[in-house]
Amino acid sequence: MTDAKLAKRLLSDMIRVRRMEEKCAELYGETKIRGFLHLYVGEEAVAAGSLSALQTDDAVVATYREHAHALLRGMPMTSIMAEMFGKQEGCSRGRGGSMHLFDTAIRFYGGNAIVAGGLPLAVGLALADAMQNRNRVTACYFGDGAVAEGAFHESLNMAALWRLPVLFCCENNMYAMGTALDRAQSQTDLTAKAAAYNVPTTAVDGMDVIACRDAALAGAEAIRSGGGPFFVEFRTYRFRAHSMFDPELYRDKAEVEEWKKRDPIRLFAEKCLGDATLSADDVTAIESESTRELDEAVAFAEAGTWESIDDLERDVLTPTAEALG
Amino acid sequence: MKTTYRSAVHDAMRDALNNDHRVVLMGEDVGRYGGTYAASKGLLEEFGPQRVRDTPLSELGFVGVGIGAALGGLRPIVEIMTVNFSLLALDQIVNTAAALRHMSGGQFSVPIVVRMATGAGRQLAAQHSHSLEGWYAHVPGIKVVAPATVEDGYGMLAAALADPDPVVIFEHVALYNTSTDVDSLTKTDISGAAVRRSGTDVTLVTYGGCLPKALDAANELSLNGIDCEVIDLRVLRPLDDATIIESVAKTHRAVVIDEAWRTGSLAGEISARIVEGAFFELDAPIARVCSAEVPIPYAKHLEQAALPQVDKIVAAVETTVGARP
């Protein structure tokens with residue numbers, strides 16, 4: 001049994017993400033959003049569940065498929081949407097776009113479009129916490145594709161060697177862009193790779209938001225009690241194409257349809273309605289609130305302004321007056 | 001008292017570790033071994049393994065860790081054994097350290113200092129001897145410096161640590177054993193070039209390991225009545241155009257000496273800037289003395305033949321001074 005408050009939050013979080021992502025696809029079609037756009041549809045339970053396990057001062061390092069993580073960590077949808085529109089009211093002033101959402105205020109460190117590029121960064125943030133005696137967790141998200149990169153192995157080794165507080169969150173959606181896991185990896189059990197570095201691991205059903213939350217809670221708890229890094233593999237699936245340019249030639253439609261039967265939002269909504277944790281009215285209220293939030297975000301982005309070209313070369317180096325002390 | 005370049009670098013790190021608790025030194029063999037070029041000898045014993053941190057052989061990983069640690073409030077000095085190995089870390093330096101501020105819309109500064117040995121002359125062959133400073137100098141978002149004197153070996157490292165942005169320091173291997181009489185070492189700057197020898201007939205522009213060669217050539221040429229001005233670039237990005245142009249406006253002739261390969265070199269960039277900024281001041285074509293276009297060979301006579309040398313500089317200057325329209 002799940003308590004109603006938590007259920008409402010998790011269902012709401014997943015629906016907010018789903019609606020935002022669907023709207024992004026639409027806006028991409030209208031050419032309001034350009035560049036690469038990677039949607040999280042189908043994977044919502046992973047971000048919603050795992051991020052709900054974090055505390056306010058924990059840090060998050062994410063990938064280029066990070067709209068959900070930014071939103072659920074507390075970045076306003078207005079700011080995210082304006083960034084995707086390329087407006088200066090966006091979180092990164094329109095310099096980053098969909099793949100580079102950042103927010104210092106909530107310790108959200110991107111938005112990294114180099115596969116596995118965020119892992120060393122997360123280890124460094126955790127090192128800084130450890131050396132400055134702060135008991136915080138850095139949650140680092142990456143996909144199954146990242147596991148093939150050297151940066152993954154180097155990072156897990158150093159995090160384990162130095163017992164650093166990193167929660168490694170592997171979002172295994174079974175495809176590195178268009179390459180299936182078993183076509184790229186000699187060892188398809190990704191927890192075995194982390195275990196090889198003496199990092200404790202667990203693998204969970206990434207379509208089950210409660211399982212995702214519980215796994216992250218257990219991992220974060222182990223980290224906070226001084227156990228060093230923890231690795232969670234979330235077994236999930238991306239319902240939509242890798243990016244808006246992807247014709248999806250590498251997987252069967254039947255496979256996608258099969259996974260859609262395990263839509264994390266529907267699964268959780270049915271469960272909550274079935275055991276009466278939530279009522280139909282609750283679900284309706286969540287839907288209408290997320291519509292309101294989305295409408296507001298799109299209106300904000302539309303009303304946003306273009307940065308002056310006179311400022312093109314700003315934010316390359318820190319202005320000298322802005323001394324760091 | 002004679003102070004070596006090596007001990008200047010050592011003292012700069014030691015003083016930084018003493019004066020600022022946020023400073024950490026990390027890299028391969030910086031601790032127990034004392035640094036490949038012995039620049040960190042004794043620092044592990046003095047500051048302990050937390051702050052003087054031996055890393056695994058993971059250049060990509062530990063440079064990324066340094067970036068994350070900088071974001072987390074530390075002031076890391078990351079040592080990479082040699083510029084050739086830094087190619088393994090190029091992704092983190094170029095895609096993260098240099099880009100983070102811009103792609104986050106100015107939210108982050110990355111106060112990391114990356115030190116590495118560069119250059120040839122010790123018969124270390126083609127995977128330990130190259131001069132790739134120009135590659136780094138190509139990239140907006142980082143500062144690139146090449147201290148060529150004992151004073152700058154100390155002073156520019158101190159200045160780099162006080163800088164809020166990523167600074168990459170190139171220490172030419174031939175400089176570590178050079179020495180000068182100095183009373184005390186102090187922080188200098190990383191803002192511009194220095195005129196190391198004042199002259200009227202021709203401007204020699206150089207940096208790093210070629211500075212002593214250029215000064216030797218200037219002394220030799222002075223015996224033949226040719227008065228050279230020698231500019232030590234010190235900072236390779238951003239380039240100090242003003243000092244170069246001012247000198248050429250006085251001497252009307254320029255020879256650029258650069259240990260990198262001529263194709264796509266900083267020497268090419270400097271020549272272009274002289275042409276752009278002082279074309280009508282020139283009385284002779286700009287000459288370049290660069291390395292031969294071969295991977296640096298092992299055999300001593302071949303290695304020496306590949307590099308800029310005093311006699312080649314003298315010959316180039318004589319040709320330039322002798323040139324008549």
# chains A, B, ... in the order shown; residues from 1 in each chain; ligands from 1
call {"tool": "interface_residues", "arguments": {"of": "chain A", "to": "chain B", "cutoff": "6 Å", "atoms": "only C-alpha atoms", "output": "VMD selection string"}}
result
chain A and resid 92 to 93 95 to 96 102 120 to 121 123 to 125 128 151 154 to 155 315 to 317
call {"tool": "write_last_selection", "arguments": {"atoms": "C-alpha atoms", "output": "mmCIF file, in the first residue's frame"}}
result
data_model
loop_
_atom_site.group_PDB
_atom_site.id
_atom_site.type_symbol
_atom_site.label_atom_id
_atom_site.label_comp_id
_atom_site.auth_asym_id
_atom_site.auth_seq_id
_atom_site.Cartn_x
_atom_site.Cartn_y
_atom_site.Cartn_z
ATOM 1 C CA SER A 92 20.712 28.558 -19.761
ATOM 2 C CA ARG A 93 19.734 31.807 -21.513
ATOM 3 C CA ARG A 95 22.815 28.943 -24.984
ATOM 4 C CA GLY A 96 22.236 25.294 -24.184
ATOM 5 C CA PHE A 102 21.429 23.643 -15.839
ATOM 6 C CA PRO A 120 33.599 11.908 -13.916
ATOM 7 C CA LEU A 121 31.905 15.197 -13.083
ATOM 8 C CA VAL A 123 32.623 11.720 -8.987
ATOM 9 C CA GLY A 124 34.326 15.107 -8.649
ATOM 10 C CA LEU A 125 31.277 16.706 -7.048
ATOM 11 C CA ALA A 128 34.328 17.854 -3.079
ATOM 12 C CA ALA A 151 34.656 7.247 -18.633
ATOM 13 C CA GLU A 154 37.283 5.113 -14.836
ATOM 14 C CA SER A 155 34.549 6.811 -12.829
ATOM 15 C CA ASP A 315 29.600 33.805 -20.791
ATOM 16 C CA VAL A 316 32.748 32.344 -22.290
ATOM 17 C CA LEU A 317 34.981 33.389 -19.399
#
call {"tool": "select_by_dssp", "arguments": {"residues": "region 20-156 of chain B", "states": "strand (DSSP E or B)", "output": "number ranges by chain"}}
result
B: 23-27, 52-54, 75-80, 113-118, 143-145
call {"tool": "residues_around", "arguments": {"residues": "Ala192 (chain A)", "least_positions_apart": "5", "cutoff": "12 Å", "atoms": "only C-alpha atoms", "output": "PyMOL selection string"}}
result
chain A and resi 147+185-187+197-203+231-233
call {"tool": "write_last_selection", "arguments": {"atoms": "C-alpha atoms", "output": "CSV table (one decimal), in the first residue's frame"}}
result
chain,number,residue,atom,x,y,z
A,147,VAL,CA,28.5,1.7,-20.0
A,185,GLN,CA,28.1,-5.5,-25.0
A,186,SER,CA,29.7,-8.9,-24.4
A,187,GLN,CA,28.3,-8.7,-20.9
A,197,TYR,CA,34.7,-2.4,-9.2
A,198,ASN,CA,33.3,-3.5,-5.8
A,199,VAL,CA,30.3,-1.1,-6.2
A,200,PRO,CA,27.2,-2.6,-4.6
A,201,THR,CA,24.4,-2.9,-7.1
A,202,THR,CA,20.7,-3.6,-7.6
A,203,ALA,CA,18.6,-3.9,-10.7
A,231,PHE,CA,24.8,1.4,-8.7
A,232,VAL,CA,21.2,1.0,-9.6
A,233,GLU,CA,20.2,-0.4,-13.0
call {"tool": "atom_distance", "arguments": {"atom1": "CA of Asn133 (chain A)", "atom2": "CA of Asn19 (chain B)"}}
result
19.4 Å
call {"tool": "select_by_dssp", "arguments": {"residues": "region 113-154 of chain A", "states": "alpha helix (DSSP H)", "output": "ChimeraX atom specification"}}
result
/A:118-131,150-154
call {"tool": "write_last_selection", "arguments": {"atoms": "C-alpha atoms", "output": "short mmCIF file (atom, residue, chain, number, x, y, z; two decimals), in the first residue's frame"}}
result
data_model
loop_
_atom_site.label_atom_id
_atom_site.label_comp_id
_atom_site.auth_asym_id
_atom_site.auth_seq_id
_atom_site.Cartn_x
_atom_site.Cartn_y
_atom_site.Cartn_z
CA GLY A 118 28.78 13.38 -16.70
CA LEU A 119 30.18 10.47 -14.72
CA PRO A 120 33.60 11.91 -13.92
CA LEU A 121 31.90 15.20 -13.08
CA ALA A 122 29.64 13.45 -10.58
CA VAL A 123 32.62 11.72 -8.99
CA GLY A 124 34.33 15.11 -8.65
CA LEU A 125 31.28 16.71 -7.05
CA ALA A 126 31.17 13.82 -4.61
CA LEU A 127 34.88 14.19 -3.92
CA ALA A 128 34.33 17.85 -3.08
CA ASP A 129 31.52 16.89 -0.69
CA ALA A 130 33.60 14.19 0.94
CA MET A 131 36.61 16.48 1.38
CA GLY A 150 35.95 4.40 -20.77
CA ALA A 151 34.66 7.25 -18.63
CA PHE A 152 32.15 4.84 -17.05
CA HIS A 153 34.87 2.44 -15.97
CA GLU A 154 37.28 5.11 -14.84
#
call {"tool": "residues_around", "arguments": {"residues": "region 127-133 of chain B", "least_positions_apart": "6", "cutoff": "7 Å", "atoms": "only C-alpha atoms", "output": "ChimeraX atom specification"}}
result
/B:82-84,118-120,259-260,296
call {"tool": "write_last_selection", "arguments": {"atoms": "N, CA and C atoms", "output": "PDB file, in the first residue's frame"}}
result
ATOM      1  N   THR B  82      52.075  14.166 -19.453  1.00  0.00           N
ATOM      2  CA  THR B  82      52.620  14.802 -20.642  1.00  0.00           C
ATOM      3  C   THR B  82      51.479  15.143 -21.601  1.00  0.00           C
ATOM      4  N   VAL B  83      51.737  16.117 -22.443  1.00  0.00           N
ATOM      5  CA  VAL B  83      50.679  16.602 -23.328  1.00  0.00           C
ATOM      6  C   VAL B  83      50.117  15.475 -24.191  1.00  0.00           C
ATOM      7  N   ASN B  84      50.940  14.530 -24.569  1.00  0.00           N
ATOM      8  CA  ASN B  84      50.423  13.424 -25.378  1.00  0.00           C
ATOM      9  C   ASN B  84      49.322  12.671 -24.644  1.00  0.00           C
ATOM     10  N   THR B 118      55.286  19.398 -21.626  1.00  0.00           N
ATOM     11  CA  THR B 118      55.171  19.444 -23.078  1.00  0.00           C
ATOM     12  C   THR B 118      56.570  19.485 -23.691  1.00  0.00           C
ATOM     13  N   GLY B 119      56.623  19.204 -24.970  1.00  0.00           N
ATOM     14  CA  GLY B 119      57.847  19.445 -25.716  1.00  0.00           C
ATOM     15  C   GLY B 119      58.833  18.302 -25.764  1.00  0.00           C
ATOM     16  N   ALA B 120      59.848  18.520 -26.588  1.00  0.00           N
ATOM     17  CA  ALA B 120      60.831  17.482 -26.897  1.00  0.00           C
ATOM     18  C   ALA B 120      62.207  17.847 -26.356  1.00  0.00           C
ATOM     19  N   GLU B 259      57.832  25.500 -31.213  1.00  0.00           N
ATOM     20  CA  GLU B 259      58.262  24.104 -31.298  1.00  0.00           C
ATOM     21  C   GLU B 259      57.200  23.183 -31.903  1.00  0.00           C
ATOM     22  N   ALA B 260      55.988  23.672 -32.062  1.00  0.00           N
ATOM     23  CA  ALA B 260      54.959  22.863 -32.709  1.00  0.00           C
ATOM     24  C   ALA B 260      55.249  22.738 -34.199  1.00  0.00           C
ATOM     25  N   ILE B 296      58.083  13.231 -33.465  1.00  0.00           N
ATOM     26  CA  ILE B 296      59.443  13.456 -32.955  1.00  0.00           C
ATOM     27  C   ILE B 296      60.190  12.118 -32.859  1.00  0.00           C
TER      28      ILE B 296
END
call {"tool": "closest_residue", "arguments": {"among": "A:Tyr237, A:Phe300, A:Tyr28, A:Phe108", "to": "Ala45 (chain A)", "atoms": "only C-alpha atoms"}}
result
A:Tyr237
call {"tool": "closest_residue", "arguments": {"among": "B:Glu45, B:Asp20, B:Glu276, B:Asp258", "to": "Ala292 (chain B)", "atoms": "only C-alpha atoms"}}
result
B:Asp258
call {"tool": "closest_residue", "arguments": {"among": "A:Tyr141, A:Phe85, A:Phe168, A:Trp306", "to": "Thr31 (chain A)", "atoms": "only C-alpha atoms"}}
result
A:Phe85
call {"tool": "residues_around", "arguments": {"residues": "region 6-12 of chain A", "least_positions_apart": "6", "cutoff": "9 Å", "atoms": "only C-alpha atoms", "output": "PyMOL selection string"}}
result
chain A and resi 45+48-49+52+209-210+265+268-269+272+277-278+282-283+286-287+289-290
call {"tool": "write_last_selection", "arguments": {"atoms": "N, CA and C atoms", "output": "short mmCIF file (atom, residue, chain, number, x, y, z; two decimals), in the first residue's frame"}}
result
data_model
loop_
_atom_site.label_atom_id
_atom_site.label_comp_id
_atom_site.auth_asym_id
_atom_site.auth_seq_id
_atom_site.Cartn_x
_atom_site.Cartn_y
_atom_site.Cartn_z
N ALA A 45 8.97 6.58 -14.95
CA ALA A 45 9.02 6.01 -13.60
C ALA A 45 10.43 6.10 -13.00
N ALA A 48 10.99 9.84 -11.88
CA ALA A 48 10.04 10.19 -10.82
C ALA A 48 10.36 9.40 -9.54
N GLY A 49 10.58 8.13 -9.68
CA GLY A 49 10.84 7.30 -8.51
C GLY A 49 12.18 7.61 -7.86
N SER A 52 12.65 11.11 -6.29
CA SER A 52 11.88 11.32 -5.06
C SER A 52 12.64 10.80 -3.84
N VAL A 209 7.27 2.58 -10.67
CA VAL A 209 7.80 3.79 -10.02
C VAL A 209 8.15 3.55 -8.55
N ILE A 210 7.39 2.71 -7.90
CA ILE A 210 7.69 2.43 -6.49
C ILE A 210 9.00 1.63 -6.37
N ILE A 265 2.94 4.90 -16.34
CA ILE A 265 1.89 5.77 -15.81
C ILE A 265 0.60 4.98 -15.64
N PHE A 268 0.84 2.42 -12.77
CA PHE A 268 0.76 3.01 -11.42
C PHE A 268 -0.64 3.57 -11.15
N ALA A 269 -1.22 4.20 -12.16
CA ALA A 269 -2.58 4.75 -11.97
C ALA A 269 -3.55 3.62 -11.67
N CYS A 272 -3.04 2.37 -8.10
CA CYS A 272 -3.52 3.30 -7.09
C CYS A 272 -5.05 3.37 -7.06
N THR A 277 -5.94 3.93 -3.22
CA THR A 277 -5.03 4.96 -2.70
C THR A 277 -5.41 6.31 -3.30
N LEU A 278 -5.78 6.28 -4.56
CA LEU A 278 -6.21 7.50 -5.24
C LEU A 278 -7.60 7.28 -5.82
N ASP A 282 -8.87 12.38 -8.08
CA ASP A 282 -7.45 12.72 -7.87
C ASP A 282 -6.71 12.74 -9.21
N VAL A 283 -6.96 11.70 -10.00
CA VAL A 283 -6.27 11.59 -11.29
C VAL A 283 -6.69 12.75 -12.21
N ILE A 286 -4.89 15.85 -11.16
CA ILE A 286 -3.48 15.82 -11.58
C ILE A 286 -3.38 16.19 -13.05
N GLU A 287 -4.25 15.59 -13.84
CA GLU A 287 -4.24 15.87 -15.29
C GLU A 287 -4.49 17.36 -15.56
N GLU A 289 -4.11 19.92 -13.57
CA GLU A 289 -3.01 20.76 -13.08
C GLU A 289 -1.81 20.69 -14.03
N SER A 290 -1.54 19.51 -14.55
CA SER A 290 -0.38 19.41 -15.44
C SER A 290 -0.66 20.13 -16.76
#
call {"tool": "closest_residue", "arguments": {"among": "A:Glu22, A:Asp214, A:Glu270, A:Glu30", "to": "His67 (chain A)", "atoms": "only C-alpha atoms"}}
result
A:Glu22
call {"tool": "closest_residue", "arguments": {"among": "A:Glu66, A:Gly29, A:Gly90, A:Asp57", "to": "Ala303 (chain A)", "atoms": "only C-alpha atoms"}}
result
A:Gly90
call {"tool": "residues_around", "arguments": {"residues": "Val115 (chain A)", "least_positions_apart": "5", "cutoff": "9 Å", "atoms": "only C-alpha atoms", "output": "PDB file with N, CA and C atoms, in the first residue's frame"}}
result
ATOM      1  N   THR A  63      21.886  13.454 -18.403  1.00  0.00           N
ATOM      2  CA  THR A  63      22.340  13.285 -19.781  1.00  0.00           C
ATOM      3  C   THR A  63      21.634  14.294 -20.687  1.00  0.00           C
ATOM      4  N   TYR A  64      21.681  14.025 -21.978  1.00  0.00           N
ATOM      5  CA  TYR A  64      20.964  14.876 -22.927  1.00  0.00           C
ATOM      6  C   TYR A  64      19.480  14.527 -22.985  1.00  0.00           C
ATOM      7  N   PHE A 142      22.745   8.062 -16.468  1.00  0.00           N
ATOM      8  CA  PHE A 142      23.361   7.754 -17.758  1.00  0.00           C
ATOM      9  C   PHE A 142      22.643   6.539 -18.322  1.00  0.00           C
ATOM     10  N   GLY A 143      22.803   6.326 -19.622  1.00  0.00           N
ATOM     11  CA  GLY A 143      22.101   5.209 -20.246  1.00  0.00           C
ATOM     12  C   GLY A 143      22.968   3.973 -20.376  1.00  0.00           C
ATOM     13  N   GLY A 145      24.157   2.872 -23.046  1.00  0.00           N
ATOM     14  CA  GLY A 145      25.244   3.156 -23.985  1.00  0.00           C
ATOM     15  C   GLY A 145      26.495   3.641 -23.279  1.00  0.00           C
ATOM     16  N   ALA A 146      26.317   4.379 -22.188  1.00  0.00           N
ATOM     17  CA  ALA A 146      27.451   4.961 -21.467  1.00  0.00           C
ATOM     18  C   ALA A 146      28.364   3.894 -20.878  1.00  0.00           C
ATOM     19  N   GLU A 149      31.608   3.232 -22.535  1.00  0.00           N
ATOM     20  CA  GLU A 149      32.632   4.275 -22.581  1.00  0.00           C
ATOM     21  C   GLU A 149      33.673   4.074 -21.477  1.00  0.00           C
ATOM     22  N   ALA A 151      34.976   6.358 -19.761  1.00  0.00           N
ATOM     23  CA  ALA A 151      34.656   7.247 -18.633  1.00  0.00           C
ATOM     24  C   ALA A 151      33.813   6.538 -17.577  1.00  0.00           C
TER      25      ALA A 151
END
call {"tool": "closest_residue", "arguments": {"among": "B:Val310, B:Met13, B:Val23, B:Ala137", "to": "Gln132 (chain A)", "atoms": "only C-alpha atoms"}}
result
B:Val23
call {"tool": "atom_distance", "arguments": {"atom1": "CA of Val41 (chain A)", "atom2": "CA of Gly219 (chain A)"}}
result
24.7 Å
call {"tool": "atom_distance", "arguments": {"atom1": "CA of Thr188 (chain A)", "atom2": "CA of Ala211 (chain A)"}}
result
21.1 Å
call {"tool": "residues_around", "arguments": {"residues": "region 247-254 of chain A", "least_positions_apart": "3", "cutoff": "8 Å", "atoms": "only C-alpha atoms", "output": "compact mmCIF listing (two decimals) with N, CA and C atoms, in the first residue's frame"}}
result
# COMPACT_ATOMS: atom_id res chain seq x y z
N GLY A 178 20.55 3.50 -31.73
CA GLY A 178 19.89 2.41 -32.46
C GLY A 178 20.55 1.06 -32.27
N THR A 179 21.53 0.98 -31.38
CA THR A 179 22.26 -0.27 -31.21
C THR A 179 21.79 -0.99 -29.95
N ALA A 241 11.08 7.58 -30.56
CA ALA A 241 12.37 7.49 -31.24
C ALA A 241 13.49 8.06 -30.36
N HIS A 242 14.74 7.71 -30.70
CA HIS A 242 15.89 8.23 -29.95
C HIS A 242 15.87 9.75 -29.93
N GLU A 257 5.19 -2.00 -29.01
CA GLU A 257 3.80 -2.17 -28.54
C GLU A 257 3.75 -3.05 -27.29
N GLU A 258 4.59 -4.06 -27.27
CA GLU A 258 4.64 -4.96 -26.11
C GLU A 258 5.03 -4.17 -24.85
call {"tool": "decode", "arguments": {"residues": "region 195-274 of chain B", "atoms": "C-alpha atoms", "output": "mmCIF file, in the first residue's frame"}}
result
data_model
loop_
_atom_site.group_PDB
_atom_site.id
_atom_site.type_symbol
_atom_site.label_atom_id
_atom_site.label_comp_id
_atom_site.auth_asym_id
_atom_site.auth_seq_id
_atom_site.Cartn_x
_atom_site.Cartn_y
_atom_site.Cartn_z
ATOM 1 C CA VAL B 195 59.297 41.665 -23.709
ATOM 2 C CA ARG B 196 62.277 39.634 -22.492
ATOM 3 C CA ARG B 197 64.843 41.510 -24.533
ATOM 4 C CA SER B 198 64.425 44.938 -25.976
ATOM 5 C CA GLY B 199 65.697 45.544 -29.504
ATOM 6 C CA THR B 200 65.172 47.598 -32.615
ATOM 7 C CA ASP B 201 65.896 45.500 -35.719
ATOM 8 C CA VAL B 202 63.603 42.502 -35.590
ATOM 9 C CA THR B 203 60.946 41.012 -33.309
ATOM 10 C CA LEU B 204 61.311 37.381 -32.246
ATOM 11 C CA VAL B 205 58.007 36.012 -30.976
ATOM 12 C CA THR B 206 58.165 32.774 -29.009
ATOM 13 C CA TYR B 207 57.023 30.950 -25.874
ATOM 14 C CA GLY B 208 57.844 28.091 -23.535
ATOM 15 C CA GLY B 209 60.855 25.930 -24.287
ATOM 16 C CA CYS B 210 61.928 28.033 -27.258
ATOM 17 C CA LEU B 211 62.434 31.194 -25.193
ATOM 18 C CA PRO B 212 65.974 30.301 -24.048
ATOM 19 C CA LYS B 213 66.863 29.404 -27.633
ATOM 20 C CA ALA B 214 65.498 32.693 -28.932
ATOM 21 C CA LEU B 215 67.429 34.638 -26.301
ATOM 22 C CA ASP B 216 70.630 32.745 -27.157
ATOM 23 C CA ALA B 217 70.069 33.491 -30.823
ATOM 24 C CA ALA B 218 69.504 37.162 -30.000
ATOM 25 C CA ASN B 219 72.776 37.311 -28.103
ATOM 26 C CA GLU B 220 74.614 35.693 -30.967
ATOM 27 C CA LEU B 221 73.018 38.037 -33.488
ATOM 28 C CA SER B 222 73.921 41.055 -31.409
ATOM 29 C CA LEU B 223 77.572 40.208 -32.059
ATOM 30 C CA ASN B 224 76.794 40.631 -35.758
ATOM 31 C CA GLY B 225 75.109 43.943 -35.117
ATOM 32 C CA ILE B 226 71.526 42.723 -35.277
ATOM 33 C CA ASP B 227 69.463 43.971 -32.361
ATOM 34 C CA CYS B 228 66.573 41.595 -31.614
ATOM 35 C CA GLU B 229 63.530 42.240 -29.506
ATOM 36 C CA VAL B 230 62.324 38.996 -27.920
ATOM 37 C CA ILE B 231 58.694 38.575 -26.925
ATOM 38 C CA ASP B 232 57.702 35.763 -24.605
ATOM 39 C CA LEU B 233 54.027 35.180 -25.284
ATOM 40 C CA ARG B 234 53.445 33.651 -21.812
ATOM 41 C CA VAL B 235 49.720 33.446 -22.497
ATOM 42 C CA LEU B 236 48.738 31.460 -25.586
ATOM 43 C CA ARG B 237 45.037 32.104 -25.158
ATOM 44 C CA PRO B 238 43.969 34.851 -25.200
ATOM 45 C CA LEU B 239 46.897 36.091 -27.281
ATOM 46 C CA ASP B 240 48.313 39.494 -26.424
ATOM 47 C CA ASP B 241 48.112 41.062 -29.871
ATOM 48 C CA ALA B 242 48.952 44.542 -28.641
ATOM 49 C CA THR B 243 52.440 43.705 -27.399
ATOM 50 C CA ILE B 244 53.278 41.900 -30.645
ATOM 51 C CA ILE B 245 51.911 44.617 -32.911
ATOM 52 C CA GLU B 246 53.601 47.374 -30.930
ATOM 53 C CA SER B 247 56.939 45.623 -31.261
ATOM 54 C CA VAL B 248 56.574 44.934 -34.979
ATOM 55 C CA ALA B 249 55.567 48.561 -35.526
ATOM 56 C CA LYS B 250 58.955 49.430 -34.061
ATOM 57 C CA THR B 251 61.180 46.776 -35.678
ATOM 58 C CA HIS B 252 59.242 46.217 -38.938
ATOM 59 C CA ARG B 253 60.362 42.592 -39.072
ATOM 60 C CA ALA B 254 59.192 39.446 -37.319
ATOM 61 C CA VAL B 255 60.356 35.882 -36.832
ATOM 62 C CA VAL B 256 58.061 33.485 -34.973
ATOM 63 C CA ILE B 257 59.653 30.549 -33.182
ATOM 64 C CA ASP B 258 57.358 27.693 -32.159
ATOM 65 C CA GLU B 259 58.262 24.104 -31.298
ATOM 66 C CA ALA B 260 54.959 22.863 -32.709
ATOM 67 C CA TRP B 261 54.641 21.731 -36.300
ATOM 68 C CA ARG B 262 54.314 24.615 -38.713
ATOM 69 C CA THR B 263 51.028 23.456 -40.261
ATOM 70 C CA GLY B 264 48.118 24.849 -38.308
ATOM 71 C CA SER B 265 50.417 26.200 -35.629
ATOM 72 C CA LEU B 266 50.260 29.092 -33.215
ATOM 73 C CA ALA B 267 53.135 30.476 -35.292
ATOM 74 C CA GLY B 268 50.666 30.619 -38.171
ATOM 75 C CA GLU B 269 48.078 32.374 -36.021
ATOM 76 C CA ILE B 270 50.594 34.939 -34.823
ATOM 77 C CA SER B 271 51.805 35.554 -38.360
ATOM 78 C CA ALA B 272 48.226 36.129 -39.473
ATOM 79 C CA ARG B 273 47.632 38.582 -36.667
ATOM 80 C CA ILE B 274 50.770 40.511 -37.554
#
